[in-house]
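S.K.: Below is one structure. I have some questions about it.
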Amino acid sequence: MKREELNQKNPKYVIYSVTDPEFVSFGNVLEGYDLTTYMKTMEEIPVPESDNIYVLEEKKLMQVPETVQMQTNLYGGMDIQVGYCNGHTHTLNALEYHKSAEVDIAMTDLVLILGQVDQIEDNKLDTAKLKLFYMPAGTAVELYATTLHYAPCALDDAGFKSIVILPKGTNESLAK
C-alpha cells in the first residue's frame with residue numbers, strides 16, 4: 001500500500017514520509033547503501049502467522065557483506081547486532097528508546113510511530129504528540145537515541161518485515 005492510499009484510508013491521521021522534513025528531528029534516511037543482499041536474505045525469513053517476532057541477532061544477516069559497511073560507517077567500528085522484527089502490529093502498544101542510534105531497514109512498506117524523549121513529562125507521554133511515518137520497502141533510516149519507537153505497523157494482512165541494527169548487547173537481559 002502506498003502512502004497516498006494509506007492517507008485516504010486513514011483520514012483521522014497525518015501520515016508523513018521518512019523523506020518529509022518532519023522526520024529530521026527523529027532520524028535521517030541513509031543513502032548510498034546497497035541493500036540487495038539484505039533484501040534477498042530476508043526473503044528466507046518468514047513473518048509469523050500472528051503477533052510479532054523480534055530477533056536480536058540473526059546469523060544470516062550478520063554475514064551479509066554490507067554489515068561491515070554499516071558497522072564501520074554508522075557505529076565507528078564497534079560491535080553491532082543485526083536482527084529483525086517481523087509481524088502484524090496495527091496499533092501503538094509500547095514505546096522504547098536506546099542510548100544509541102538504531103538503524104531500521106524496511107523490507108516491506110510499513111509505518112513507524114515516533115516520539116521524542118523530551119515529550120515525556122512526569123513519566124507520562126501524551127500519545128497525541130506522536131507522529132506516523134510511512135517507510136517504503138528498501139529504505140534504511142537511522143533513528144536517533146532520543147527517538148521513542150517500537151515495532152513498525154503492518155500495512156496489510158501479509159504483515160511487515162524490517163531489519164534492526166543496534167550496538168551489540170542492546171535489548172539483552174541484564175546480568176544479575
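Numbering starts fresh at 1 for the residues of each chain in the C-alpha cells, the chains themselves are lettered A, B, ... in the order given, and ligands are numbered from 1 as they appear.
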Mind checking which residues fall within 9 Å of Thr37 in chain A, counting only C-alpha atoms, ignoring those fewer than 6 positions away in the same chain, and posting them as a list in words?
M.R.: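 Result of the neighbour search: Leu61, Val64, Pro65 and Glu66 of chain A.
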S.K.: Please identify all polymer residues within 12 Å of Thr127 in chain A, counting only C-alpha atoms, omitting same-chain residues fewer than 5 positions from it, and present them as a PyMOL selection string.
M.R.: chain A and resi 91-95+113-116+119-121+132+148-149
S.K.: Next, write the just-selected residues to a file, as an mmCIF file, in the first residue's frame, keeping all heavy atoms as the atom set.
M.R.:
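So result.cif came out as:
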```
data_model
loop_
_atom_site.group_PDB
_atom_site.id
_atom_site.type_symbol
_atom_site.label_atom_id
_atom_site.label_comp_id
_atom_site.auth_asym_id
_atom_site.auth_seq_id
_atom_site.Cartn_x
_atom_site.Cartn_y
_atom_site.Cartn_z
ATOM 1 N N THR A 91 -1.320 -1.307 15.881
ATOM 2 C CA THR A 91 -1.631 -0.304 16.896
ATOM 3 C C THR A 91 -0.377 0.030 17.703
ATOM 4 O O THR A 91 0.598 -0.723 17.718
ATOM 5 C CB THR A 91 -2.704 -0.822 17.873
ATOM 6 O OG1 THR A 91 -2.211 -2.012 18.503
ATOM 7 C CG2 THR A 91 -4.010 -1.113 17.179
ATOM 8 N N LEU A 92 -0.447 1.129 18.411
ATOM 9 C CA LEU A 92 0.605 1.507 19.342
ATOM 10 C C LEU A 92 0.404 0.718 20.624
ATOM 11 O O LEU A 92 -0.641 0.820 21.263
ATOM 12 C CB LEU A 92 0.530 3.011 19.635
ATOM 13 C CG LEU A 92 1.501 3.527 20.685
ATOM 14 C CD1 LEU A 92 2.938 3.411 20.194
ATOM 15 C CD2 LEU A 92 1.167 4.966 21.040
ATOM 16 N N ASN A 93 1.387 -0.107 20.997
ATOM 17 C CA ASN A 93 1.242 -0.874 22.229
ATOM 18 C C ASN A 93 2.439 -0.726 23.166
ATOM 19 O O ASN A 93 2.447 -1.301 24.245
ATOM 20 C CB ASN A 93 0.963 -2.352 21.936
ATOM 21 C CG ASN A 93 2.035 -2.988 21.086
ATOM 22 O OD1 ASN A 93 3.061 -2.385 20.805
ATOM 23 N ND2 ASN A 93 1.800 -4.213 20.668
ATOM 24 N N ALA A 94 3.428 0.053 22.750
ATOM 25 C CA ALA A 94 4.596 0.290 23.599
ATOM 26 C C ALA A 94 5.499 1.305 22.910
ATOM 27 O O ALA A 94 5.343 1.568 21.714
ATOM 28 C CB ALA A 94 5.360 -1.008 23.834
ATOM 29 N N LEU A 95 6.433 1.848 23.665
ATOM 30 C CA LEU A 95 7.482 2.706 23.115
ATOM 31 C C LEU A 95 8.766 2.410 23.869
ATOM 32 O O LEU A 95 8.732 2.032 25.040
ATOM 33 C CB LEU A 95 7.124 4.193 23.259
ATOM 34 C CG LEU A 95 6.006 4.701 22.375
ATOM 35 C CD1 LEU A 95 5.554 6.081 22.831
ATOM 36 C CD2 LEU A 95 6.428 4.740 20.908
ATOM 37 N N ILE A 113 5.749 4.666 14.264
ATOM 38 C CA ILE A 113 5.118 5.616 15.175
ATOM 39 C C ILE A 113 6.236 6.142 16.068
ATOM 40 O O ILE A 113 6.869 5.370 16.798
ATOM 41 C CB ILE A 113 4.015 4.956 16.024
ATOM 42 C CG1 ILE A 113 2.942 4.334 15.121
ATOM 43 C CG2 ILE A 113 3.407 5.979 16.973
ATOM 44 C CD1 ILE A 113 1.895 3.525 15.869
ATOM 45 N N LEU A 114 6.491 7.456 16.003
ATOM 46 C CA LEU A 114 7.664 8.030 16.655
ATOM 47 C C LEU A 114 7.320 9.207 17.558
ATOM 48 O O LEU A 114 6.376 9.958 17.305
ATOM 49 C CB LEU A 114 8.661 8.511 15.601
ATOM 50 C CG LEU A 114 9.112 7.484 14.566
ATOM 51 C CD1 LEU A 114 10.055 8.136 13.557
ATOM 52 C CD2 LEU A 114 9.782 6.297 15.228
ATOM 53 N N GLY A 115 8.101 9.354 18.593
ATOM 54 C CA GLY A 115 8.012 10.489 19.501
ATOM 55 C C GLY A 115 9.408 10.864 19.958
ATOM 56 O O GLY A 115 10.401 10.285 19.509
ATOM 57 N N GLN A 116 9.462 11.828 20.879
ATOM 58 C CA GLN A 116 10.738 12.307 21.407
ATOM 59 C C GLN A 116 10.794 12.088 22.914
ATOM 60 O O GLN A 116 9.781 12.266 23.607
ATOM 61 C CB GLN A 116 10.897 13.805 21.126
ATOM 62 C CG GLN A 116 10.981 14.155 19.667
ATOM 63 C CD GLN A 116 12.321 13.750 19.063
ATOM 64 O OE1 GLN A 116 13.249 13.329 19.756
ATOM 65 N NE2 GLN A 116 12.418 13.849 17.757
ATOM 66 N N GLN A 119 9.414 14.678 25.220
ATOM 67 C CA GLN A 119 7.963 14.841 25.310
ATOM 68 C C GLN A 119 7.396 14.150 26.558
ATOM 69 O O GLN A 119 6.228 14.323 26.883
ATOM 70 C CB GLN A 119 7.276 14.276 24.064
ATOM 71 C CG GLN A 119 7.588 15.048 22.801
ATOM 72 C CD GLN A 119 7.052 14.355 21.555
ATOM 73 O OE1 GLN A 119 7.041 13.125 21.460
ATOM 74 N NE2 GLN A 119 6.588 15.147 20.601
ATOM 75 N N ILE A 120 8.218 13.385 27.245
ATOM 76 C CA ILE A 120 7.793 12.699 28.465
ATOM 77 C C ILE A 120 7.821 13.705 29.610
ATOM 78 O O ILE A 120 8.854 14.330 29.871
ATOM 79 C CB ILE A 120 8.713 11.501 28.788
ATOM 80 C CG1 ILE A 120 8.691 10.482 27.640
ATOM 81 C CG2 ILE A 120 8.315 10.851 30.109
ATOM 82 C CD1 ILE A 120 9.730 9.384 27.765
ATOM 83 N N GLU A 121 6.690 13.881 30.264
ATOM 84 C CA GLU A 121 6.586 14.793 31.399
ATOM 85 C C GLU A 121 5.976 14.053 32.577
ATOM 86 O O GLU A 121 4.915 13.441 32.438
ATOM 87 C CB GLU A 121 5.725 15.999 31.027
ATOM 88 C CG GLU A 121 6.328 16.841 29.915
ATOM 89 C CD GLU A 121 5.433 18.003 29.504
ATOM 90 O OE1 GLU A 121 4.426 18.280 30.196
ATOM 91 O OE2 GLU A 121 5.752 18.631 28.476
ATOM 92 N N LEU A 132 3.327 9.707 12.789
ATOM 93 C CA LEU A 132 3.382 8.491 11.982
ATOM 94 C C LEU A 132 4.172 8.776 10.707
ATOM 95 O O LEU A 132 3.967 9.815 10.068
ATOM 96 C CB LEU A 132 1.967 8.031 11.622
ATOM 97 C CG LEU A 132 1.138 7.512 12.785
ATOM 98 C CD1 LEU A 132 0.382 8.672 13.415
ATOM 99 C CD2 LEU A 132 0.181 6.458 12.329
ATOM 100 N N LEU A 148 11.625 7.972 20.496
ATOM 101 C CA LEU A 148 10.751 6.914 21.004
ATOM 102 C C LEU A 148 10.200 6.149 19.813
ATOM 103 O O LEU A 148 9.755 6.753 18.828
ATOM 104 C CB LEU A 148 9.599 7.523 21.802
ATOM 105 C CG LEU A 148 9.977 8.314 23.046
ATOM 106 C CD1 LEU A 148 8.770 9.091 23.561
ATOM 107 C CD2 LEU A 148 10.525 7.397 24.122
ATOM 108 N N HIS A 149 10.212 4.828 19.894
ATOM 109 C CA HIS A 149 9.765 3.984 18.779
ATOM 110 C C HIS A 149 9.420 2.602 19.326
ATOM 111 O O HIS A 149 9.644 2.319 20.492
ATOM 112 C CB HIS A 149 10.874 3.866 17.726
ATOM 113 C CG HIS A 149 12.103 3.189 18.275
ATOM 114 N ND1 HIS A 149 13.014 3.853 19.077
ATOM 115 C CD2 HIS A 149 12.532 1.917 18.187
ATOM 116 C CE1 HIS A 149 13.970 3.006 19.438
ATOM 117 N NE2 HIS A 149 13.698 1.816 18.917
#
```
S.K.: As a ChimeraX atom specification, please: every residue in range 6-133 of chain A that DSSP puts in strand (DSSP E).
M.R.: /A:15-17,27-30,52-55,80-87,102-106,110-116,131-133
S.K.: Extract the full set of helix (DSSP H, G or I) residues from range 70-166 of chain A according to DSSP on the backbone, and format it as number ranges by chain.
M.R.: A: 70-75, 117-119, 127-129
S.K.: One number please: CA of His88 in chain A to CA of Ile45 in chain A, in Å, one decimal.
M.R.: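 Taking CA of His88 in chain A as the start and CA of Ile45 in chain A as the end point, the length is 14.6 Å.
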S.K.: Which residue is closest to Asn73 in chain A? Choose from A:Asp51, A:Glu142, A:Glu4, A:Glu22 and count only C-alpha atoms.
M.R.: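 Looking at the shortest contact to Asn73 in chain A, the residue is A:Glu142.
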S.K.: Which residue is closest to Lys131 in chain A? Choose from A:Val14, A:Leu174, A:Leu35, A:Met1 and count only C-alpha atoms.
M.R.: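 Of A:Val14, A:Leu174, A:Leu35, A:Met1, the one nearest Lys131 in chain A, counting only C-alpha atoms, is A:Val14.
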